[in-house]
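Asker: Sharing target15.txt (compact mmCIF, C-alpha atoms) below.
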```
# COMPACT_ATOMS: atom_id res chain seq x y z
CA MET S 1 -41.44 -14.45 14.58
CA ARG S 2 -40.27 -16.84 11.94
CA SER S 3 -38.99 -13.96 9.73
CA LYS S 4 -36.74 -12.77 12.59
CA TRP S 5 -35.11 -16.21 12.79
CA ILE S 6 -34.64 -16.31 9.05
CA SER S 7 -33.12 -12.79 9.09
CA ALA S 8 -30.77 -13.76 11.92
CA PHE S 9 -29.72 -16.94 10.10
CA VAL S 10 -29.06 -15.01 6.84
CA ALA S 11 -27.00 -12.39 8.73
CA LEU S 12 -24.90 -15.08 10.45
CA ALA S 13 -24.40 -16.94 7.18
CA ALA S 14 -23.25 -13.74 5.46
CA LEU S 15 -20.74 -13.07 8.25
CA ALA S 16 -19.48 -16.63 8.12
CA ILE S 17 -18.79 -16.61 4.37
CA ALA S 18 -17.55 -12.99 4.06
CA PRO S 19 -13.94 -12.78 2.82
CA ASN S 20 -11.23 -11.62 5.18
CA ALA S 21 -10.22 -7.96 5.02
CA GLY S 22 -6.86 -7.50 3.34
CA ALA S 23 -4.99 -5.14 5.65
CA PHE S 24 -1.44 -4.27 4.62
CA GLU S 25 0.45 -4.72 7.88
CA ARG S 26 3.96 -6.20 7.91
CA GLN S 27 4.06 -5.85 4.16
CA TRP S 28 7.07 -4.75 2.12
CA HIS S 29 6.68 -2.36 -0.83
CA VAL S 30 9.17 -1.52 -3.57
CA GLY S 31 8.49 0.56 -6.65
CA GLY S 32 9.19 3.52 -8.81
CA GLY S 33 7.60 6.45 -10.52
CA LEU S 34 7.86 8.87 -13.39
CA GLY S 35 6.73 12.45 -13.11
CA VAL S 36 7.56 16.13 -13.12
CA ALA S 37 9.21 18.58 -10.72
CA SER S 38 8.86 22.33 -10.47
CA PHE S 39 10.62 24.91 -8.33
CA VAL S 40 8.17 27.26 -6.61
CA SER S 41 9.92 30.62 -7.00
CA SER S 42 12.34 30.27 -9.85
CA ASP S 43 12.87 30.98 -13.51
CA LEU S 44 13.78 27.31 -14.02
CA PRO S 45 11.21 25.41 -16.08
CA MET S 46 9.41 22.30 -14.96
CA GLY S 47 11.53 19.21 -15.51
CA PRO S 48 11.21 15.43 -15.68
CA ALA S 49 11.55 13.48 -12.44
CA LEU S 50 12.26 9.88 -11.53
CA GLY S 51 11.61 8.27 -8.16
CA LEU S 52 12.29 4.98 -6.38
CA HIS S 53 10.71 3.99 -3.10
CA GLY S 54 10.62 1.25 -0.52
CA ALA S 55 8.35 0.86 2.50
CA TYR S 56 7.51 -1.47 5.34
CA GLY S 57 4.02 -1.66 6.87
CA LEU S 58 4.30 -1.18 10.62
CA SER S 59 0.54 -1.65 10.90
CA ASP S 60 -2.44 -1.40 8.60
CA MET S 61 -2.28 2.41 9.07
CA PHE S 62 1.43 3.31 9.16
CA ASP S 63 4.35 2.67 6.80
CA VAL S 64 8.01 3.55 7.20
CA ARG S 65 9.31 4.81 3.82
CA LEU S 66 12.54 5.53 2.02
CA GLU S 67 12.29 7.54 -1.20
CA LEU S 68 14.98 8.49 -3.72
CA THR S 69 14.14 11.15 -6.30
CA GLY S 70 15.93 13.03 -9.04
CA SER S 71 14.88 15.77 -11.43
CA ARG S 72 16.53 17.70 -14.26
CA HIS S 73 15.87 21.35 -15.09
CA GLU S 74 17.23 23.06 -18.19
CA GLN S 75 18.61 26.56 -17.55
CA SER S 76 18.37 29.50 -19.95
CA ASP S 77 22.10 29.20 -20.85
CA GLY S 78 21.60 25.64 -22.10
CA SER S 79 23.10 23.91 -19.06
CA SER S 80 21.08 21.76 -16.71
CA LEU S 81 20.50 21.75 -12.98
CA ASP S 82 19.78 18.40 -11.33
CA LEU S 83 18.21 17.97 -7.91
CA TYR S 84 18.54 14.66 -6.06
CA SER S 85 17.05 13.67 -2.72
CA ALA S 86 17.12 10.75 -0.33
CA THR S 87 14.35 10.98 2.28
CA ALA S 88 12.91 8.76 4.99
CA GLY S 89 9.77 9.11 7.02
CA ILE S 90 6.38 7.78 7.93
CA THR S 91 3.06 7.71 6.09
CA TYR S 92 -0.45 7.36 7.42
CA LYS S 93 -2.70 5.38 5.13
CA ILE S 94 -6.39 4.65 5.04
CA ASP S 95 -6.93 1.12 3.74
CA VAL S 96 -10.24 1.30 1.90
CA ILE S 97 -10.38 -2.04 0.07
CA GLU S 98 -8.65 -1.33 -3.27
CA TRP S 99 -8.13 2.45 -2.94
CA ILE S 100 -5.52 3.44 -0.37
CA PRO S 101 -5.14 7.20 0.22
CA TYR S 102 -2.16 8.30 2.32
CA ALA S 103 -0.30 11.29 3.72
CA GLY S 104 3.29 11.35 4.90
CA LEU S 105 6.13 13.38 6.34
CA LEU S 106 9.71 12.69 5.23
CA VAL S 107 13.08 14.23 6.13
CA GLY S 108 16.26 13.82 4.16
CA TYR S 109 19.18 15.16 2.22
CA TYR S 110 18.91 17.21 -0.99
CA TRP S 111 21.80 17.72 -3.40
CA LEU S 112 22.16 19.97 -6.44
CA GLY S 113 24.16 18.66 -9.36
CA GLY S 114 24.46 19.21 -13.05
CA GLU S 115 27.05 20.78 -15.29
CA ASN S 116 28.09 23.57 -12.90
CA PRO S 117 26.94 22.64 -9.39
CA PRO S 118 27.52 25.19 -6.61
CA PRO S 119 30.37 24.46 -4.19
CA ASP S 120 28.01 23.98 -1.22
CA SER S 121 25.36 21.92 -3.00
CA GLY S 122 23.79 19.86 -0.19
CA ALA S 123 21.15 20.65 2.40
CA LEU S 124 18.72 19.00 4.77
CA GLY S 125 15.13 19.12 3.65
CA ILE S 126 11.64 18.05 4.54
CA SER S 127 8.77 16.90 2.36
CA THR S 128 5.10 16.21 2.74
CA ALA S 129 3.48 13.57 0.56
CA LEU S 130 -0.12 13.06 -0.48
CA GLY S 131 -1.04 10.09 -2.57
CA ILE S 132 -3.47 7.42 -3.51
CA ASP S 133 -2.73 3.85 -4.56
CA TYR S 134 -5.02 1.44 -6.33
CA ALA S 135 -4.38 -2.21 -5.47
CA LEU S 136 -4.71 -4.17 -8.71
CA SER S 137 -4.05 -7.29 -6.65
CA ARG S 138 -2.56 -8.12 -3.29
CA SER S 139 0.91 -7.86 -4.86
CA PHE S 140 0.66 -4.98 -7.36
CA ALA S 141 -0.51 -1.37 -7.08
CA LEU S 142 -0.57 1.76 -9.21
CA GLY S 143 -0.68 5.21 -7.71
CA LEU S 144 -0.43 8.95 -7.91
CA GLN S 145 1.66 11.02 -5.49
CA ILE S 146 2.36 14.73 -5.07
CA ARG S 147 5.04 16.05 -2.73
CA TYR S 148 6.00 19.46 -1.45
CA HIS S 149 9.73 19.75 -0.64
CA GLY S 150 11.20 22.48 1.54
CA ASN S 151 14.75 23.33 2.48
CA LEU S 152 15.53 23.23 6.21
CA ASN S 153 18.56 25.47 5.78
CA ASP S 154 18.42 29.15 4.81
CA PRO S 155 17.11 28.90 1.22
CA PRO S 156 18.80 31.95 -0.36
CA THR S 157 22.34 30.97 0.62
CA SER S 158 22.42 27.28 1.52
CA LEU S 159 22.88 25.99 -2.03
CA GLY S 160 24.48 29.01 -3.63
CA TYR S 161 21.73 29.51 -6.20
CA ASP S 162 20.03 32.59 -4.80
CA ASP S 163 16.43 31.54 -4.08
CA ARG S 164 16.14 28.66 -6.56
CA PHE S 165 15.86 25.87 -4.01
CA GLY S 166 13.55 27.42 -1.42
CA SER S 167 10.92 24.81 -2.19
CA TYR S 168 9.61 22.70 -5.02
CA PHE S 169 6.83 20.27 -5.96
CA THR S 170 6.96 16.82 -7.53
CA GLY S 171 4.18 14.73 -8.99
CA PHE S 172 4.56 11.04 -9.82
CA LEU S 173 2.66 8.23 -11.46
CA ARG S 174 3.87 5.21 -9.51
CA ALA S 175 3.83 1.42 -9.60
CA GLU S 176 4.83 -0.91 -6.80
CA TYR S 177 5.23 -4.55 -5.92
CA ARG S 178 4.13 -5.73 -2.44
CA TRP S 179 4.97 -8.91 -0.55
CA GLY S 180 5.25 -10.45 2.91
CA TRP S 181 1.74 -10.06 4.36
```
Take the structure in the file and give it back as structure tokens.
Answerer:
Amino acid sequence: MRSKWISAFVALAALAIAPNAGAFERQWHVGGGLGVASFVSSDLPMGPALGLHGAYGLSDMFDVRLELTGSRHEQSDGSSLDLYSATAGITYKIDVIEWIPYAGLLVGYYWLGGENPPPDSGALGISTALGIDYALSRSFALGLQIRYHGNLNDPPTSLGYDDRFGSYFTGFLRAEYRWGW
């Protein structure tokens, strides 16, 4: 009987001194990433990519995000094709102490640029994001993100580049600063 009381006391003491969980609700995020981008069905080679992002934690599970990305792809004639995007959407995250995996859906505007951009170089697009962040502290995180981007317009004609923009992938190593919890 005495061991049950001791066990109950130890359990209550452990609960009383356990640290609070660090959920990320009402938290702001701002950061950037370096990575690569590749068109799915194209003769264009993989190119370097740069991304900036901002987010606000609606709850400990959902963030609203804004992401800006740009990539450069060298063409066989020596010129370059640049692809820029500005997307907004929502991500679902699983807050597991320091590791935070997430998945998201974003919609936005994609624009082709470079040395000889097509006359009709903009289109609406959609992207899906999968990522994982590692919280180094409450304020700083490092992460890895991959995104699939698809064109919502008719891919062969919407940007004037045959089928070069039908869809593409990006992968980023990211860092972010967080505040406001």
Asker: I'd like the neighbourhood of Gly33 (chain S) as a PyMOL selection string, where a residue qualifies if any of its atoms comes within 8 Å (using only C-alpha atoms), though same-chain residues fewer than 5 positions away should be ignored.
Answerer: chain S and resi 50-52+172-175
Asker: For Gly35 (chain S), find every residue with an atom within 12 Å (counting all atoms listed in the file), except residues of its own chain fewer than 3 positions away, and show them as an NGL selection string.
Answerer: :S and (32 or 38 or 46-52 or 69-72 or 143-147 or 169-175)
Asker: Could you check how far CA of Leu124 (chain S) sits from CA of Tyr109 (chain S), in Å to one decimal?
Answerer: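 About the pair CA of Leu124 (chain S) and CA of Tyr109 (chain S): they are 4.6 Å apart.
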Asker: Name the closest residue to Trp99 (chain S) among the candidates S:Gly57, S:Gly78, S:Gly125, S:Gly131; distances are taken between atoms, counting all atoms listed in the file.
Answerer: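 Of S:Gly57, S:Gly78, S:Gly125, S:Gly131, the one nearest Trp99 (chain S) is S:Gly131, counting all atoms listed in the file.
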Asker: Would you list the contacts of Trp111 (chain S) as a list of chain:residue names, taking every protein, DNA or RNA residue within 6 Å and counting all atoms listed in the file, but skipping same-chain residues closer than 2 positions in sequence?
Answerer: S:Leu83, S:Tyr84, S:Ser121, S:Gly122
Asker: Could you tell me how far CA of Asp82 (chain S) lies from CA of Val107 (chain S), in Å and to one decimal?
Answerer: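 So the answer is 19.2 Å.
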Asker: Any chance you could export region 52-96 of chain S with N, CA and C atoms, as a PDB file, in the first residue's frame?
Answerer:
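Result file result-v2.pdb:
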```pdb
ATOM      1  N   LEU S  52      12.289  33.386 -50.137  1.00  0.00           N
ATOM      2  CA  LEU S  52      11.998  34.152 -48.924  1.00  0.00           C
ATOM      3  C   LEU S  52      10.606  33.748 -48.464  1.00  0.00           C
ATOM      4  N   HIS S  53      10.398  33.704 -47.170  1.00  0.00           N
ATOM      5  CA  HIS S  53       9.078  33.325 -46.677  1.00  0.00           C
ATOM      6  C   HIS S  53       8.746  34.053 -45.386  1.00  0.00           C
ATOM      7  N   GLY S  54       7.450  34.194 -45.177  1.00  0.00           N
ATOM      8  CA  GLY S  54       6.917  34.736 -43.937  1.00  0.00           C
ATOM      9  C   GLY S  54       5.676  33.943 -43.582  1.00  0.00           C
ATOM     10  N   ALA S  55       5.419  33.791 -42.286  1.00  0.00           N
ATOM     11  CA  ALA S  55       4.255  33.013 -41.853  1.00  0.00           C
ATOM     12  C   ALA S  55       3.743  33.552 -40.528  1.00  0.00           C
ATOM     13  N   TYR S  56       2.476  33.240 -40.266  1.00  0.00           N
ATOM     14  CA  TYR S  56       1.862  33.557 -38.995  1.00  0.00           C
ATOM     15  C   TYR S  56       1.146  32.319 -38.488  1.00  0.00           C
ATOM     16  N   GLY S  57       1.391  31.925 -37.243  1.00  0.00           N
ATOM     17  CA  GLY S  57       0.773  30.736 -36.663  1.00  0.00           C
ATOM     18  C   GLY S  57      -0.648  31.002 -36.211  1.00  0.00           C
ATOM     19  N   LEU S  58      -1.613  30.485 -36.954  1.00  0.00           N
ATOM     20  CA  LEU S  58      -3.015  30.624 -36.560  1.00  0.00           C
ATOM     21  C   LEU S  58      -3.320  29.801 -35.313  1.00  0.00           C
ATOM     22  N   SER S  59      -2.681  28.648 -35.223  1.00  0.00           N
ATOM     23  CA  SER S  59      -2.804  27.763 -34.066  1.00  0.00           C
ATOM     24  C   SER S  59      -1.506  26.970 -33.987  1.00  0.00           C
ATOM     25  N   ASP S  60      -1.456  26.000 -33.105  1.00  0.00           N
ATOM     26  CA  ASP S  60      -0.240  25.200 -33.042  1.00  0.00           C
ATOM     27  C   ASP S  60      -0.170  24.208 -34.194  1.00  0.00           C
ATOM     28  N   MET S  61      -1.235  24.113 -35.018  1.00  0.00           N
ATOM     29  CA  MET S  61      -1.230  23.195 -36.166  1.00  0.00           C
ATOM     30  C   MET S  61      -1.237  23.889 -37.527  1.00  0.00           C
ATOM     31  N   PHE S  62      -1.698  25.132 -37.625  1.00  0.00           N
ATOM     32  CA  PHE S  62      -1.857  25.774 -38.923  1.00  0.00           C
ATOM     33  C   PHE S  62      -1.117  27.115 -38.977  1.00  0.00           C
ATOM     34  N   ASP S  63      -0.430  27.327 -40.098  1.00  0.00           N
ATOM     35  CA  ASP S  63       0.228  28.592 -40.405  1.00  0.00           C
ATOM     36  C   ASP S  63      -0.342  29.145 -41.700  1.00  0.00           C
ATOM     37  N   VAL S  64      -0.449  30.460 -41.792  1.00  0.00           N
ATOM     38  CA  VAL S  64      -0.697  31.138 -43.057  1.00  0.00           C
ATOM     39  C   VAL S  64       0.669  31.569 -43.554  1.00  0.00           C
ATOM     40  N   ARG S  65       0.972  31.316 -44.844  1.00  0.00           N
ATOM     41  CA  ARG S  65       2.313  31.572 -45.381  1.00  0.00           C
ATOM     42  C   ARG S  65       2.280  32.420 -46.633  1.00  0.00           C
ATOM     43  N   LEU S  66       3.348  33.174 -46.813  1.00  0.00           N
ATOM     44  CA  LEU S  66       3.630  33.891 -48.048  1.00  0.00           C
ATOM     45  C   LEU S  66       5.047  33.506 -48.428  1.00  0.00           C
ATOM     46  N   GLU S  67       5.234  33.047 -49.666  1.00  0.00           N
ATOM     47  CA  GLU S  67       6.559  32.622 -50.118  1.00  0.00           C
ATOM     48  C   GLU S  67       6.886  33.276 -51.456  1.00  0.00           C
ATOM     49  N   LEU S  68       8.086  33.801 -51.574  1.00  0.00           N
ATOM     50  CA  LEU S  68       8.609  34.375 -52.809  1.00  0.00           C
ATOM     51  C   LEU S  68       9.788  33.512 -53.237  1.00  0.00           C
ATOM     52  N   THR S  69       9.787  33.064 -54.484  1.00  0.00           N
ATOM     53  CA  THR S  69      10.895  32.242 -54.973  1.00  0.00           C
ATOM     54  C   THR S  69      11.342  32.726 -56.340  1.00  0.00           C
ATOM     55  N   GLY S  70      12.577  32.426 -56.649  1.00  0.00           N
ATOM     56  CA  GLY S  70      13.135  32.732 -57.960  1.00  0.00           C
ATOM     57  C   GLY S  70      14.181  31.690 -58.313  1.00  0.00           C
ATOM     58  N   SER S  71      14.229  31.332 -59.586  1.00  0.00           N
ATOM     59  CA  SER S  71      15.240  30.378 -60.049  1.00  0.00           C
ATOM     60  C   SER S  71      15.748  30.803 -61.415  1.00  0.00           C
ATOM     61  N   ARG S  72      16.956  30.383 -61.748  1.00  0.00           N
ATOM     62  CA  ARG S  72      17.587  30.725 -63.025  1.00  0.00           C
ATOM     63  C   ARG S  72      18.019  29.436 -63.716  1.00  0.00           C
ATOM     64  N   HIS S  73      17.685  29.347 -65.002  1.00  0.00           N
ATOM     65  CA  HIS S  73      17.993  28.158 -65.794  1.00  0.00           C
ATOM     66  C   HIS S  73      18.687  28.582 -67.083  1.00  0.00           C
ATOM     67  N   GLU S  74      19.889  28.078 -67.282  1.00  0.00           N
ATOM     68  CA  GLU S  74      20.664  28.397 -68.487  1.00  0.00           C
ATOM     69  C   GLU S  74      20.141  27.577 -69.660  1.00  0.00           C
ATOM     70  N   GLN S  75      19.898  28.250 -70.789  1.00  0.00           N
ATOM     71  CA  GLN S  75      19.415  27.576 -71.995  1.00  0.00           C
ATOM     72  C   GLN S  75      20.593  27.183 -72.881  1.00  0.00           C
ATOM     73  N   SER S  76      20.332  26.303 -73.827  1.00  0.00           N
ATOM     74  CA  SER S  76      21.406  25.785 -74.683  1.00  0.00           C
ATOM     75  C   SER S  76      22.046  26.875 -75.543  1.00  0.00           C
ATOM     76  N   ASP S  77      21.338  27.971 -75.828  1.00  0.00           N
ATOM     77  CA  ASP S  77      21.912  29.058 -76.635  1.00  0.00           C
ATOM     78  C   ASP S  77      22.717  30.050 -75.795  1.00  0.00           C
ATOM     79  N   GLY S  78      22.898  29.783 -74.523  1.00  0.00           N
ATOM     80  CA  GLY S  78      23.678  30.661 -73.659  1.00  0.00           C
ATOM     81  C   GLY S  78      22.854  31.688 -72.908  1.00  0.00           C
ATOM     82  N   SER S  79      21.594  31.866 -73.264  1.00  0.00           N
ATOM     83  CA  SER S  79      20.742  32.808 -72.534  1.00  0.00           C
ATOM     84  C   SER S  79      20.157  32.102 -71.304  1.00  0.00           C
ATOM     85  N   SER S  80      19.527  32.882 -70.467  1.00  0.00           N
ATOM     86  CA  SER S  80      18.949  32.287 -69.261  1.00  0.00           C
ATOM     87  C   SER S  80      17.447  32.525 -69.211  1.00  0.00           C
ATOM     88  N   LEU S  81      16.771  31.625 -68.548  1.00  0.00           N
ATOM     89  CA  LEU S  81      15.335  31.738 -68.296  1.00  0.00           C
ATOM     90  C   LEU S  81      15.170  31.794 -66.785  1.00  0.00           C
ATOM     91  N   ASP S  82      14.480  32.821 -66.296  1.00  0.00           N
ATOM     92  CA  ASP S  82      14.243  32.977 -64.867  1.00  0.00           C
ATOM     93  C   ASP S  82      12.776  32.716 -64.592  1.00  0.00           C
ATOM     94  N   LEU S  83      12.489  32.078 -63.476  1.00  0.00           N
ATOM     95  CA  LEU S  83      11.109  31.851 -63.066  1.00  0.00           C
ATOM     96  C   LEU S  83      10.938  32.399 -61.659  1.00  0.00           C
ATOM     97  N   TYR S  84       9.980  33.304 -61.494  1.00  0.00           N
ATOM     98  CA  TYR S  84       9.689  33.934 -60.216  1.00  0.00           C
ATOM     99  C   TYR S  84       8.281  33.557 -59.789  1.00  0.00           C
ATOM    100  N   SER S  85       8.060  33.452 -58.487  1.00  0.00           N
ATOM    101  CA  SER S  85       6.706  33.183 -58.008  1.00  0.00           C
ATOM    102  C   SER S  85       6.457  33.904 -56.690  1.00  0.00           C
ATOM    103  N   ALA S  86       5.211  34.272 -56.497  1.00  0.00           N
ATOM    104  CA  ALA S  86       4.728  34.824 -55.232  1.00  0.00           C
ATOM    105  C   ALA S  86       3.485  34.012 -54.887  1.00  0.00           C
ATOM    106  N   THR S  87       3.554  33.235 -53.810  1.00  0.00           N
ATOM    107  CA  THR S  87       2.446  32.348 -53.460  1.00  0.00           C
ATOM    108  C   THR S  87       2.031  32.564 -52.008  1.00  0.00           C
ATOM    109  N   ALA S  88       0.772  32.266 -51.739  1.00  0.00           N
ATOM    110  CA  ALA S  88       0.237  32.342 -50.383  1.00  0.00           C
ATOM    111  C   ALA S  88      -0.623  31.118 -50.142  1.00  0.00           C
ATOM    112  N   GLY S  89      -0.653  30.669 -48.904  1.00  0.00           N
ATOM    113  CA  GLY S  89      -1.458  29.498 -48.597  1.00  0.00           C
ATOM    114  C   GLY S  89      -1.406  29.141 -47.137  1.00  0.00           C
ATOM    115  N   ILE S  90      -1.723  27.892 -46.870  1.00  0.00           N
ATOM    116  CA  ILE S  90      -1.800  27.413 -45.500  1.00  0.00           C
ATOM    117  C   ILE S  90      -0.989  26.125 -45.370  1.00  0.00           C
ATOM    118  N   THR S  91      -0.357  25.959 -44.227  1.00  0.00           N
ATOM    119  CA  THR S  91       0.394  24.731 -43.952  1.00  0.00           C
ATOM    120  C   THR S  91      -0.141  24.095 -42.672  1.00  0.00           C
ATOM    121  N   TYR S  92      -0.115  22.780 -42.678  1.00  0.00           N
ATOM    122  CA  TYR S  92      -0.471  21.988 -41.511  1.00  0.00           C
ATOM    123  C   TYR S  92       0.812  21.442 -40.934  1.00  0.00           C
ATOM    124  N   LYS S  93       1.056  21.701 -39.669  1.00  0.00           N
ATOM    125  CA  LYS S  93       2.307  21.263 -39.058  1.00  0.00           C
ATOM    126  C   LYS S  93       2.026  20.377 -37.859  1.00  0.00           C
ATOM    127  N   ILE S  94       2.966  19.493 -37.614  1.00  0.00           N
ATOM    128  CA  ILE S  94       2.905  18.613 -36.458  1.00  0.00           C
ATOM    129  C   ILE S  94       4.049  19.034 -35.550  1.00  0.00           C
ATOM    130  N   ASP S  95       3.716  19.655 -34.437  1.00  0.00           N
ATOM    131  CA  ASP S  95       4.711  20.162 -33.502  1.00  0.00           C
ATOM    132  C   ASP S  95       5.175  19.013 -32.610  1.00  0.00           C
ATOM    133  N   VAL S  96       6.337  18.470 -32.928  1.00  0.00           N
ATOM    134  CA  VAL S  96       6.872  17.349 -32.160  1.00  0.00           C
ATOM    135  C   VAL S  96       8.166  17.824 -31.499  1.00  0.00           C
TER     136      VAL S  96
END
```
